[in-house]
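Okay, model-v8.txt is below, compact mmCIF, C-alpha atoms and all ligand atoms:
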```txt
# COMPACT_ATOMS: atom_id res chain seq x y z
CA MET A 1 14.31 46.14 -23.78
CA GLU A 2 13.81 43.45 -21.13
CA LYS A 3 11.17 41.62 -23.12
CA ARG A 4 13.58 41.02 -25.97
CA GLN A 5 15.96 39.00 -23.84
CA ILE A 6 16.05 35.27 -24.22
CA LYS A 7 15.29 33.54 -20.95
CA GLY A 8 15.03 30.02 -19.67
CA GLN A 9 12.57 27.31 -18.77
CA LYS A 10 11.47 29.01 -15.53
CA GLU A 11 10.21 32.03 -17.48
CA LEU A 12 8.73 29.85 -20.20
CA ARG A 13 6.68 28.09 -17.55
CA GLU A 14 5.59 31.34 -15.94
CA LYS A 15 4.92 33.48 -19.03
CA VAL A 16 3.60 30.87 -21.45
CA LEU A 17 2.57 27.60 -19.84
CA ASP A 18 1.01 28.84 -16.60
CA ALA A 19 -0.37 31.88 -18.43
CA GLY A 20 -2.42 29.64 -20.76
CA LEU A 21 -0.62 30.87 -23.89
CA CYS A 22 1.00 27.57 -24.88
CA THR A 23 -0.19 26.33 -28.28
CA ASN A 24 1.51 22.89 -27.94
CA CYS A 25 3.26 23.61 -31.23
CA GLY A 26 6.15 21.37 -30.19
CA ALA A 27 8.98 23.90 -30.66
CA CYS A 28 10.35 23.30 -27.15
CA LEU A 29 10.19 19.50 -27.46
CA ASN A 30 12.92 17.04 -28.45
CA LEU A 31 15.60 19.65 -27.77
CA CYS A 32 16.27 18.47 -24.22
CA PRO A 33 14.88 15.68 -22.00
CA TYR A 34 12.85 18.04 -19.80
CA HIS A 35 9.73 18.71 -21.85
CA ALA A 36 7.13 16.43 -23.42
CA SER A 37 3.75 16.60 -25.11
CA TYR A 38 1.07 14.79 -23.14
CA GLN A 39 -2.59 14.66 -24.06
CA ASP A 40 -2.71 17.95 -25.97
CA ASN A 41 -0.42 19.84 -23.57
CA MET A 42 3.25 20.56 -23.26
CA ILE A 43 4.37 19.37 -19.84
CA ILE A 44 7.58 19.99 -17.92
CA ILE A 45 9.02 16.69 -16.74
CA ASP A 46 11.99 18.12 -14.91
CA SER A 47 13.25 21.59 -14.19
CA CYS A 48 16.22 23.17 -15.87
CA ASP A 49 18.17 26.08 -14.46
CA ARG A 50 19.68 27.42 -17.70
CA GLU A 51 19.18 31.15 -17.86
CA GLU A 52 18.76 31.14 -21.63
CA GLY A 53 17.17 28.27 -23.50
CA ARG A 54 16.16 27.33 -27.01
CA CYS A 55 12.78 26.40 -25.54
CA TYR A 56 12.19 30.05 -24.67
CA ALA A 57 13.82 31.48 -27.80
CA PHE A 58 11.81 29.36 -30.26
CA CYS A 59 8.44 29.56 -28.52
CA PRO A 60 5.91 31.44 -30.68
CA ARG A 61 4.41 32.99 -27.54
CA THR A 62 7.56 34.54 -26.08
CA TYR A 63 8.61 37.97 -27.33
CA THR A 64 8.65 37.89 -31.14
CA ASP A 65 10.17 40.54 -33.35
CA LEU A 66 7.90 40.09 -36.38
CA GLN A 67 9.59 42.87 -38.31
CA SER A 68 12.97 41.23 -38.03
CA LEU A 69 11.52 37.89 -39.20
CA ARG A 70 9.85 39.55 -42.20
CA GLN A 71 12.97 41.44 -43.17
CA ASN A 72 15.37 38.53 -42.76
CA LEU A 73 13.31 35.72 -44.22
CA PHE A 74 11.21 37.29 -46.99
CA ASN A 75 11.44 39.86 -49.75
CA PRO A 76 10.27 43.12 -48.14
CA ASP A 77 8.98 44.33 -51.54
CA GLU A 78 6.51 41.45 -51.67
CA PHE A 79 4.47 42.06 -48.57
CA THR A 80 0.90 42.88 -47.60
CA PRO A 81 0.09 43.96 -44.03
CA GLU A 82 -3.08 41.87 -43.98
CA LEU A 83 -1.77 38.59 -45.40
CA GLY A 84 2.00 38.76 -45.08
CA PRO A 85 4.64 37.87 -47.67
CA PHE A 86 3.09 37.39 -51.08
CA LYS A 87 4.19 36.25 -54.55
CA GLY A 88 0.95 34.86 -55.89
CA PHE A 89 -2.62 33.82 -55.06
CA TYR A 90 -4.09 30.72 -56.71
CA MET A 91 -7.05 28.39 -56.64
CA THR A 92 -5.91 24.79 -57.06
CA ARG A 93 -6.71 21.16 -56.46
CA ALA A 94 -4.86 17.88 -56.88
CA ALA A 95 -5.31 16.48 -60.37
CA ASP A 96 -5.40 12.91 -59.04
CA PRO A 97 -8.96 12.10 -57.88
CA LYS A 98 -7.57 9.52 -55.41
CA VAL A 99 -5.63 12.28 -53.66
CA ARG A 100 -8.71 14.50 -53.64
CA ARG A 101 -10.82 11.74 -52.10
CA SER A 102 -8.32 11.30 -49.25
CA ALA A 103 -7.86 15.00 -48.66
CA GLN A 104 -9.57 17.67 -46.61
CA HIS A 105 -10.34 20.01 -49.50
CA GLY A 106 -8.62 20.00 -52.88
CA GLY A 107 -5.63 17.94 -51.72
CA THR A 108 -3.16 20.67 -52.69
CA VAL A 109 -1.04 20.10 -49.56
CA THR A 110 -0.82 16.37 -50.19
CA ALA A 111 -0.01 16.86 -53.89
CA LEU A 112 2.75 19.42 -53.17
CA LEU A 113 4.36 17.37 -50.43
CA SER A 114 4.26 14.20 -52.52
CA LEU A 115 5.89 16.02 -55.41
CA ALA A 116 8.58 17.50 -53.15
CA LEU A 117 9.41 13.99 -51.88
CA GLN A 118 9.38 12.46 -55.36
CA GLU A 119 11.70 15.14 -56.73
CA GLY A 120 14.12 14.88 -53.80
CA LEU A 121 13.46 18.50 -52.80
CA ILE A 122 12.83 17.01 -49.37
CA ASP A 123 13.66 13.58 -47.95
CA ALA A 124 11.14 13.70 -45.11
CA ALA A 125 7.74 15.35 -44.65
CA VAL A 126 6.44 16.16 -41.18
CA ILE A 127 2.67 15.76 -41.23
CA ALA A 128 -0.03 14.91 -38.68
CA GLU A 129 -1.29 11.46 -37.80
CA GLU A 130 -4.31 10.77 -35.64
CA GLY A 131 -5.37 7.13 -35.51
CA GLY A 132 -9.02 7.67 -34.55
CA THR A 133 -8.36 9.20 -31.11
CA PHE A 134 -8.69 12.86 -32.21
CA LEU A 135 -5.27 13.39 -30.57
CA PRO A 136 -2.79 13.92 -33.42
CA ALA A 137 0.97 13.61 -33.32
CA GLY A 138 3.65 14.56 -35.81
CA PHE A 139 4.58 11.81 -38.28
CA VAL A 140 7.68 11.77 -40.46
CA ALA A 141 6.67 10.53 -43.92
CA LYS A 142 9.31 9.31 -46.34
CA THR A 143 7.06 8.34 -49.27
CA PRO A 144 4.12 9.91 -51.13
CA LEU A 145 1.95 6.95 -50.05
CA GLU A 146 2.61 7.75 -46.38
CA VAL A 147 1.63 11.36 -47.10
CA VAL A 148 -1.64 10.42 -48.83
CA GLN A 149 -2.54 8.04 -45.99
CA ARG A 150 -2.31 10.89 -43.47
CA ALA A 151 -4.17 13.60 -45.39
CA ARG A 152 -7.12 15.54 -43.92
CA SER A 153 -7.18 18.15 -41.19
CA LYS A 154 -6.96 17.25 -37.54
CA PHE A 155 -8.56 20.08 -35.61
CA VAL A 156 -6.62 19.43 -32.40
CA VAL A 157 -3.04 20.73 -32.43
CA SER A 158 -0.48 18.24 -33.70
CA PRO A 159 2.92 19.17 -32.19
CA ASN A 160 4.61 18.96 -35.58
CA VAL A 161 7.62 21.10 -34.66
CA ALA A 162 8.57 18.42 -32.11
CA ALA A 163 8.60 15.89 -34.95
CA PHE A 164 10.75 18.27 -37.00
CA ASN A 165 13.24 18.58 -34.11
CA GLN A 166 13.38 14.79 -33.85
CA ALA A 167 13.71 14.21 -37.62
CA ALA A 168 16.51 16.77 -37.89
CA LYS A 169 18.46 14.93 -35.18
CA SER A 170 17.78 11.52 -36.69
CA GLY A 171 19.31 11.64 -40.13
CA SER A 172 16.83 13.49 -42.34
CA GLU A 173 18.68 16.20 -44.24
CA LYS A 174 15.96 18.01 -46.20
CA ILE A 175 12.75 18.28 -44.28
CA GLY A 176 9.36 19.69 -45.26
CA VAL A 177 6.86 20.56 -42.53
CA VAL A 178 3.11 21.10 -42.61
CA ALA A 179 2.54 23.82 -40.05
CA THR A 180 -0.26 25.77 -38.46
CA PRO A 181 0.48 29.52 -38.08
CA CYS A 182 1.98 29.17 -34.58
CA GLN A 183 4.22 26.36 -35.82
CA ALA A 184 5.34 28.31 -38.87
CA LEU A 185 6.20 31.20 -36.53
CA ALA A 186 8.24 28.92 -34.27
CA LEU A 187 10.16 27.58 -37.28
CA ALA A 188 10.81 31.16 -38.45
CA LYS A 189 12.20 32.05 -35.01
CA MET A 190 14.50 29.03 -35.26
CA ARG A 191 15.67 30.19 -38.69
CA LEU A 192 17.13 33.35 -37.15
CA LYS A 193 19.49 31.12 -35.11
CA PRO A 194 19.55 32.80 -31.74
CA PHE A 195 22.12 30.19 -30.58
CA PRO A 196 24.37 29.84 -33.67
CA GLN A 197 26.49 27.05 -32.16
CA LYS A 198 23.47 24.88 -31.44
CA ASP A 199 21.04 25.75 -34.19
CA GLY A 200 22.33 23.55 -37.02
CA ASN A 201 19.12 21.51 -37.20
CA ILE A 202 17.18 24.36 -38.72
CA ASP A 203 19.37 24.23 -41.85
CA LYS A 204 17.59 20.96 -42.59
CA LEU A 205 14.27 22.76 -42.95
CA HIS A 206 13.72 23.07 -46.72
CA LEU A 207 9.98 23.65 -47.02
CA VAL A 208 7.14 24.93 -44.87
CA ILE A 209 3.58 24.40 -46.10
CA GLY A 210 1.36 26.47 -43.82
CA LEU A 211 -2.30 25.81 -43.18
CA PHE A 212 -4.78 28.65 -42.83
CA CYS A 213 -6.11 28.39 -39.30
CA GLY A 214 -8.91 30.21 -37.48
CA TRP A 215 -8.40 28.16 -34.31
CA ALA A 216 -7.75 24.64 -33.07
CA LEU A 217 -9.88 22.68 -30.64
CA SER A 218 -8.92 21.45 -27.20
CA TRP A 219 -8.72 17.65 -27.27
CA ARG A 220 -10.66 17.08 -24.04
CA GLU A 221 -13.42 19.52 -24.94
CA LEU A 222 -13.72 18.11 -28.47
CA LYS A 223 -13.96 14.54 -27.18
CA SER A 224 -16.68 15.44 -24.75
CA LEU A 225 -18.58 17.49 -27.37
CA LEU A 226 -18.48 14.63 -29.87
CA LYS A 227 -19.45 12.04 -27.27
CA GLY A 228 -22.48 14.12 -26.32
CA LYS A 229 -23.54 14.77 -29.92
CA MET A 230 -22.51 11.63 -31.74
CA GLY A 231 -22.40 8.85 -29.13
CA GLU A 232 -20.60 5.83 -30.54
CA ASN A 233 -21.25 6.77 -34.21
CA SER A 234 -18.07 6.56 -36.22
CA ILE A 235 -16.53 9.80 -37.43
CA ILE A 236 -14.37 10.09 -40.53
CA GLY A 237 -13.39 13.71 -40.09
CA LEU A 238 -14.39 17.27 -39.28
CA ASP A 239 -14.57 20.47 -41.27
CA ILE A 240 -15.30 24.13 -40.74
CA PRO A 241 -17.39 25.56 -43.59
CA PRO A 242 -17.41 29.32 -44.36
CA SER A 243 -18.50 31.51 -41.48
CA LYS A 244 -22.04 32.12 -42.81
CA HIS A 245 -22.80 28.41 -42.11
CA HIS A 246 -21.87 28.98 -38.46
CA SER A 247 -21.30 25.28 -37.92
CA LEU A 248 -18.79 22.49 -37.48
CA GLU A 249 -19.30 19.61 -39.90
CA ILE A 250 -18.99 16.05 -38.64
CA HIS A 251 -18.29 13.65 -41.49
CA THR A 252 -19.62 10.12 -40.90
CA PRO A 253 -19.96 7.07 -43.19
CA ASN A 254 -23.65 8.03 -43.51
CA GLY A 255 -23.13 11.67 -44.46
CA ILE A 256 -22.43 15.02 -42.85
CA ARG A 257 -23.97 16.25 -39.59
CA GLU A 258 -23.58 19.81 -38.40
CA ILE A 259 -23.07 21.18 -34.89
CA PHE A 260 -24.07 24.80 -34.32
CA LEU A 261 -20.85 26.80 -33.91
CA ASP A 262 -21.97 28.40 -30.64
CA GLU A 263 -21.78 24.94 -29.07
CA VAL A 264 -18.30 24.39 -30.51
CA LEU A 265 -16.61 27.70 -29.65
CA PRO A 266 -16.24 26.88 -25.92
CA ALA A 267 -14.08 23.93 -27.05
CA VAL A 268 -11.58 26.18 -28.87
CA ARG A 269 -8.09 26.04 -27.38
CA LYS A 270 -7.82 29.09 -25.12
CA ALA A 271 -4.36 30.03 -26.42
CA CYS A 272 -5.78 30.49 -29.93
CA GLN A 273 -7.55 33.70 -28.93
CA TYR A 274 -4.12 35.38 -28.78
CA CYS A 275 -3.03 34.26 -32.24
CA TYR A 276 -2.41 37.09 -34.70
CA ASP A 277 -1.99 35.01 -37.86
CA MET A 278 -4.73 33.33 -39.91
CA THR A 279 -2.79 32.36 -43.02
CA ALA A 280 0.51 30.97 -41.68
CA GLU A 281 2.44 34.00 -42.91
CA PHE A 282 5.90 32.56 -42.20
CA SER A 283 5.58 29.69 -44.70
CA ASP A 284 6.77 29.06 -48.25
CA VAL A 285 3.22 28.30 -49.36
CA SER A 286 0.02 28.69 -47.33
CA VAL A 287 -3.07 26.63 -48.12
CA GLY A 288 -6.67 26.93 -46.99
CA SER A 289 -10.21 26.27 -48.09
CA ALA A 290 -11.70 28.01 -51.13
CA ARG A 291 -14.69 30.25 -51.71
CA LEU A 292 -16.71 29.96 -54.95
CA PRO A 293 -19.87 31.68 -56.19
CA GLU A 294 -21.42 28.20 -56.66
CA GLY A 295 -21.32 27.68 -52.88
CA TRP A 296 -19.59 25.46 -50.35
CA GLU A 297 -20.39 22.11 -51.99
CA ALA A 298 -18.28 23.12 -55.00
CA ALA A 299 -15.72 25.11 -53.04
CA ARG A 300 -14.87 22.32 -50.61
CA GLY A 301 -13.07 20.49 -53.41
CA TRP A 302 -10.62 23.34 -53.98
CA ASN A 303 -7.93 25.27 -52.11
CA GLN A 304 -6.85 28.88 -51.98
CA VAL A 305 -3.07 29.11 -51.99
CA ILE A 306 -0.77 32.01 -51.13
CA VAL A 307 2.75 31.58 -52.47
CA ARG A 308 5.26 33.50 -50.38
CA THR A 309 8.81 32.49 -51.33
CA ARG A 310 10.86 31.47 -54.33
CA MET A 311 10.92 27.90 -53.08
CA GLY A 312 7.13 27.96 -52.83
CA GLN A 313 6.78 29.40 -56.34
CA GLU A 314 9.13 26.82 -57.85
CA LEU A 315 7.18 23.99 -56.26
CA MET A 316 3.86 25.37 -57.51
CA ASP A 317 5.26 25.87 -61.02
CA LEU A 318 6.62 22.34 -61.05
CA ALA A 319 3.25 20.94 -59.91
CA ARG A 320 1.57 22.86 -62.73
CA SER A 321 4.03 21.77 -65.40
CA ARG A 322 3.77 18.12 -64.32
CA GLY A 323 -0.03 18.33 -64.38
CA LEU A 324 -0.25 17.41 -60.68
CA LEU A 325 -2.29 20.45 -59.73
CA GLU A 326 -5.31 21.84 -61.55
CA PHE A 327 -5.77 25.61 -61.50
CA ARG A 328 -8.94 27.65 -61.95
CA ASP A 329 -9.57 31.37 -62.11
CA MET A 330 -9.84 33.07 -58.77
CA PRO A 331 -13.29 34.62 -58.34
CA GLU A 332 -13.27 38.38 -58.07
CA GLY A 333 -13.29 39.55 -54.48
CA ASN A 334 -11.69 36.46 -52.92
CA TRP A 335 -8.45 38.27 -52.08
CA GLU A 336 -10.40 41.04 -50.35
CA LYS A 337 -12.51 38.52 -48.41
CA LEU A 338 -9.40 36.72 -47.23
CA LYS A 339 -7.80 40.01 -46.23
CA ASN A 340 -10.87 40.95 -44.20
CA ALA A 341 -10.98 37.60 -42.42
CA SER A 342 -7.28 37.88 -41.61
CA VAL A 343 -7.59 41.45 -40.32
CA ASN A 344 -10.52 40.41 -38.13
CA LYS A 345 -8.40 37.69 -36.56
CA LYS A 346 -5.48 40.10 -36.02
CA ARG A 347 -7.69 42.74 -34.40
CA ALA A 348 -9.38 40.22 -32.13
CA ALA A 349 -5.99 38.87 -31.03
CA ILE A 350 -4.70 42.35 -30.25
CA GLN A 351 -7.84 43.19 -28.28
CA ASN A 352 -7.50 39.97 -26.29
CA LEU A 353 -3.82 40.64 -25.61
CA VAL A 354 -4.57 44.18 -24.41
CA GLN A 355 -7.38 42.91 -22.22
CA ARG A 356 -5.03 40.32 -20.79
CA SER A 357 -2.13 42.69 -20.08
CA GLY A 358 -4.26 45.68 -19.12
CA SER A 359 -2.22 48.03 -21.34
CA THR A 360 -2.33 48.98 -25.02
CA GLN A 361 1.46 49.14 -24.85
CA ASP A 362 1.89 45.59 -23.64
CA LEU A 363 0.95 42.93 -26.16
CA LEU A 364 2.74 40.13 -24.24
CA TYR A 365 4.56 38.34 -27.05
CA LEU A 366 4.05 41.00 -29.74
CA ASP A 367 5.57 44.45 -30.01
CA TYR A 368 2.96 47.21 -29.94
CA GLN A 369 5.36 49.35 -32.00
CA ASP A 370 5.56 46.82 -34.83
CA PRO A 371 4.79 48.87 -37.98
CA VAL A 372 2.50 46.29 -39.58
CA LEU A 373 0.56 45.79 -36.40
CA ARG A 374 0.07 49.53 -36.13
CA THR A 375 -1.21 49.65 -39.72
CA ILE A 376 -3.70 46.91 -38.92
CA MET A 377 -4.96 48.73 -35.85
CA GLY A 378 -5.37 51.92 -37.93
C1 LIG A 401 -6.60 23.35 -36.74
C2 LIG A 401 -6.90 23.76 -38.16
C3 LIG A 401 -7.71 24.87 -38.40
C4 LIG A 401 -7.96 25.29 -39.72
N1 LIG A 401 -8.73 26.41 -39.93
C5 LIG A 401 -8.93 26.83 -41.21
C6 LIG A 401 -9.68 28.01 -41.46
O1 LIG A 401 -10.17 28.68 -40.53
N2 LIG A 401 -9.85 28.42 -42.76
C7 LIG A 401 -9.30 27.71 -43.80
O2 LIG A 401 -9.47 28.11 -44.96
N3 LIG A 401 -8.60 26.59 -43.59
C8 LIG A 401 -8.39 26.13 -42.33
N4 LIG A 401 -7.64 25.01 -42.11
C9 LIG A 401 -6.98 24.35 -43.25
C10 LIG A 401 -7.88 23.35 -43.95
O3 LIG A 401 -8.58 22.56 -43.02
C11 LIG A 401 -7.05 22.41 -44.87
O4 LIG A 401 -5.99 21.84 -44.12
C12 LIG A 401 -6.46 23.15 -46.03
O5 LIG A 401 -7.50 23.73 -46.81
C13 LIG A 401 -5.63 22.21 -46.92
O6 LIG A 401 -6.48 21.32 -47.57
P1 LIG A 401 -5.89 20.14 -48.44
O7 LIG A 401 -7.02 19.36 -49.03
O8 LIG A 401 -4.85 20.67 -49.34
O9 LIG A 401 -5.18 19.27 -47.28
P2 LIG A 401 -4.70 17.76 -47.33
O10 LIG A 401 -4.19 17.42 -48.68
O11 LIG A 401 -5.76 16.91 -46.73
O12 LIG A 401 -3.46 17.82 -46.36
C14 LIG A 401 -3.54 18.30 -45.06
C15 LIG A 401 -2.17 18.09 -44.42
O13 LIG A 401 -2.16 18.73 -43.16
C16 LIG A 401 -1.66 17.84 -42.16
N5 LIG A 401 -2.34 18.21 -40.94
C17 LIG A 401 -3.60 17.90 -40.61
N6 LIG A 401 -3.92 18.43 -39.43
C18 LIG A 401 -2.82 19.09 -39.01
C19 LIG A 401 -2.53 19.84 -37.85
N7 LIG A 401 -3.41 19.99 -36.86
N8 LIG A 401 -1.31 20.39 -37.73
C20 LIG A 401 -0.39 20.23 -38.70
N9 LIG A 401 -0.60 19.51 -39.83
C21 LIG A 401 -1.82 18.97 -39.98
C22 LIG A 401 -2.04 16.47 -42.68
O14 LIG A 401 -1.24 15.45 -42.10
C23 LIG A 401 -1.84 16.64 -44.17
O15 LIG A 401 -0.50 16.42 -44.53
C24 LIG A 401 -7.41 24.56 -40.81
C25 LIG A 401 -6.62 23.42 -40.56
C26 LIG A 401 -6.35 23.03 -39.25
C27 LIG A 401 -5.46 21.82 -39.01
```

Show me the file's structure as structure tokens.
Amino acid sequence: MEKRQIKGQKELREKVLDAGLCTNCGACLNLCPYHASYQDNMIIIDSCDREEGRCYAFCPRTYTDLQSLRQNLFNPDEFTPELGPFKGFYMTRAADPKVRRSAQHGGTVTALLSLALQEGLIDAAVIAEEGGTFLPAGFVAKTPLEVVQRARSKFVVSPNVAAFNQAAKSGSEKIGVVATPCQALALAKMRLKPFPQKDGNIDKLHLVIGLFCGWALSWRELKSLLKGKMGENSIIGLDIPPSKHHSLEIHTPNGIREIFLDEVLPAVRKACQYCYDMTAEFSDVSVGSARLPEGWEAARGWNQVIVRTRMGQELMDLARSRGLLEFRDMPEGNWEKLKNASVNKKRAAIQNLVQRSGSTQDLLYLDYQDPVLRTIMG
């Protein structure tokens, strides 16, 4: 099938970049001198006439054989169509209150990464750093302190896979990456080694901690929204509470302000409407916000965690045995709620892809015959 073929930069430009599908995940960066990330976009600095390139092969928006990724990278017996590979579902938070205070929610991501560094399971952690500009970039942390200092969610894409590519070339041997779903997908495509002679860097990937992700915001649109709403007031961070709140939270030194979600949605990165994955299914462990019967004020201090691989399970077990993560019972119904949210995102993505291509048999980067996708569509 023509779509399955790996192509080069020319087709990447045409089918992904010019088509508005690029997520700026960073997978095509730091492999060659021709691409760069500039102000929330991947840009082509110079043209390349290779007919087949890693840039095209790794991109999460070129043809992706999801079934082959699932079968090669995960245990097929531990799989749910709605939420992907699955070993366990937990509600956790960092035991250390200092970590929790620095973190977006319960600080589970920060606690797990810090532990992995301390134990030598990884020697570098690719995370996101922002510096007050709302334009994040990948940062390679070597110590738990560097990880804690860069906690919290940045709602503009951080091209973390670019930082992974750089770290793998620059001496790190065991790398952990915090990844949004598109980034976890790109890393999974790398793991299949479409160019065996050139794909040695991916062997240095030892851990992927995925973030649940509904969408990311466009940097320009977010800046202009915040300028209009907040003026020069200082902003500590943002958050997206559960959908019934229908708002974006702006955290300031004086408390939380909310912006009605209808005003925020036009600022969502356009490429996100084609994303089929809400829970970073191609990760070792995926982490998102929690839901509790007590409401959002209590839930925001916890995380829901899906463990997907043996590596992920071992890290969680170690964090539990060391007392670095606290666990609480998962409220009844949370798994079903998460499934529903994930299915809604998948269905919306498929509808948008069909609308874009004009055919139910052309899902651009996805295969309409993929068995899981067909189950989801019913
Ligand atoms: C764009 C975006 C959208 C999200 N949407 C949802 C959602 O719809 N539902 C949901 O439940 N959760 C969502 N999350 C995840 C949620 O915001 C928290 O990241 C998650 O609950 C983990 O919390 P924590 O306290 O363990 O994180 P922390 O301990 O604070 O650690 C977060 C880690 O993520 C890294 N990071 C921050 N921003 C990015 C980024 N843009 N790309 C890559 N790495 C990053 C940080 O450097 C840090 O290492 C989203 C996150 C992002 C970045």

Using only C-alpha atoms, tabulate the residues of stretch 173-245 of chain A lying at most 12 Å from any atom of stretch 336-345 of chain A, each with its closest atom pair and that distance in Å to one decimal, by chain and increasing residue number, as CSV.
```
residue,atom,partner,partner_atom,distance
A:Pro181,CA,A:Ser342,CA,11.9
A:Phe212,CA,A:Ser342,CA,9.6
A:Cys213,CA,A:Ser342,CA,9.8
A:Gly214,CA,A:Lys345,CA,7.6
A:Trp215,CA,A:Lys345,CA,9.8
A:Pro242,CA,A:Ala341,CA,10.7
A:Ser243,CA,A:Ala341,CA,9.7
```

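Restricting the calculation to all atoms listed in the file, the smallest distance between A:Ser102 and any of A:Ala124, A:Val147, A:Leu292, A:Leu83 is found for A:Val147.
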
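For the pair atom CA of A:Pro136 and atom CA of A:Ile235, the interatomic distance is 14.9 Å.
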
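Residues lying within 10 Å of A:Ala36, counting all atoms listed in the file and ignoring same-chain neighbours fewer than 4 positions away, are Asn24, Gly26, Cys28, Leu29, Asn30, Cys32, Asn41, Met42, Ile43, Ile44, Ile45, Asp46 and Ala162 of chain A.
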
List as a compact mmCIF listing (two decimals) with C-alpha atoms, in the coordinates of the input the protein and nucleic acid residues near stretch 218-221 of chain A, meaning an atom at most 7 Å away when all atoms listed in the file are counted, but skip any in the same chain fewer than 6 places from it.
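What follows is the written file around.txt:
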```
# COMPACT_ATOMS: atom_id res chain seq x y z
CA ASP A 40 -2.71 17.95 -25.97
CA PHE A 134 -8.69 12.86 -32.21
CA LEU A 135 -5.27 13.39 -30.57
CA VAL A 156 -6.62 19.43 -32.40
CA ALA A 267 -14.08 23.93 -27.05
CA VAL A 268 -11.58 26.18 -28.87
CA ARG A 269 -8.09 26.04 -27.38
```

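Among the candidates A:Gly210, A:Pro293, A:Gly378, A:Gly228, the one nearest to ligand LIG 401 (chain A) when counting all atoms listed in the file is A:Gly210.
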
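Compared by their closest atoms to ligand LIG 401 (chain A), and using all atoms listed in the file, the residues A:Leu192, A:Leu353, A:Leu21, A:Ala179 rank with A:Ala179 nearest.
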
Point (-2.5, 16.0, -59.3) neighbourhood (7 Å, all atoms listed in the file) written as an NGL selection string: :A and (94-96 or 111 or 323-326)

Restricting it to C-alpha atoms, dump the selection as an mmCIF file, in the frame of the given file.
```
data_model
loop_
_atom_site.group_PDB
_atom_site.id
_atom_site.type_symbol
_atom_site.label_atom_id
_atom_site.label_comp_id
_atom_site.auth_asym_id
_atom_site.auth_seq_id
_atom_site.Cartn_x
_atom_site.Cartn_y
_atom_site.Cartn_z
ATOM 1 C CA ALA A 94 -4.860 17.880 -56.880
ATOM 2 C CA ALA A 95 -5.310 16.480 -60.370
ATOM 3 C CA ASP A 96 -5.400 12.910 -59.040
ATOM 4 C CA ALA A 111 -0.010 16.860 -53.890
ATOM 5 C CA GLY A 323 -0.030 18.330 -64.380
ATOM 6 C CA LEU A 324 -0.250 17.410 -60.680
ATOM 7 C CA LEU A 325 -2.290 20.450 -59.730
ATOM 8 C CA GLU A 326 -5.310 21.840 -61.550
#
```

Which residue of A:Glu232, A:Glu173, A:Glu281, A:Asp362 approaches A:Asp203 most closely, using all atoms listed in the file: A:Glu173

Interatomic distance, atom CA of A:Cys48 to atom CA of A:Phe164 (Å, one decimal): 22.4 Å

Protein and nucleic residues near ligand LIG 401 (chain A), 6 Å, all atoms listed in the file, as a PyMOL selection string: chain A and resi 103-110+127-129+150-158+178-180+211-216+287-289+303

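Using all atoms listed in the file, the shortest contact distance between A:Ile209 and any of A:Val305, A:Pro253, A:Gln118, A:Ala271 is found at A:Val305.
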
Length of the atom CA of A:Leu31 to atom CA of A:Ala141 vector [Å]: 20.6 Å

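Between A:Cys272 and the candidates A:Ser224, A:Thr252, A:Ser47, A:Asn352, the tightest atom-to-atom separation, counting all atoms listed in the file, involves A:Asn352.
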
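For the point (5.4, 42.2, -28.5), the residues with an atom at a distance of at most 9 Å are Lys3, Arg4, Thr62, Tyr63, Thr64, Asp65, Leu66, Gln361, Asp362, Leu363, Leu364, Tyr365, Leu366, Asp367, Tyr368, Gln369 and Asp370 of chain A, counting all atoms listed in the file.
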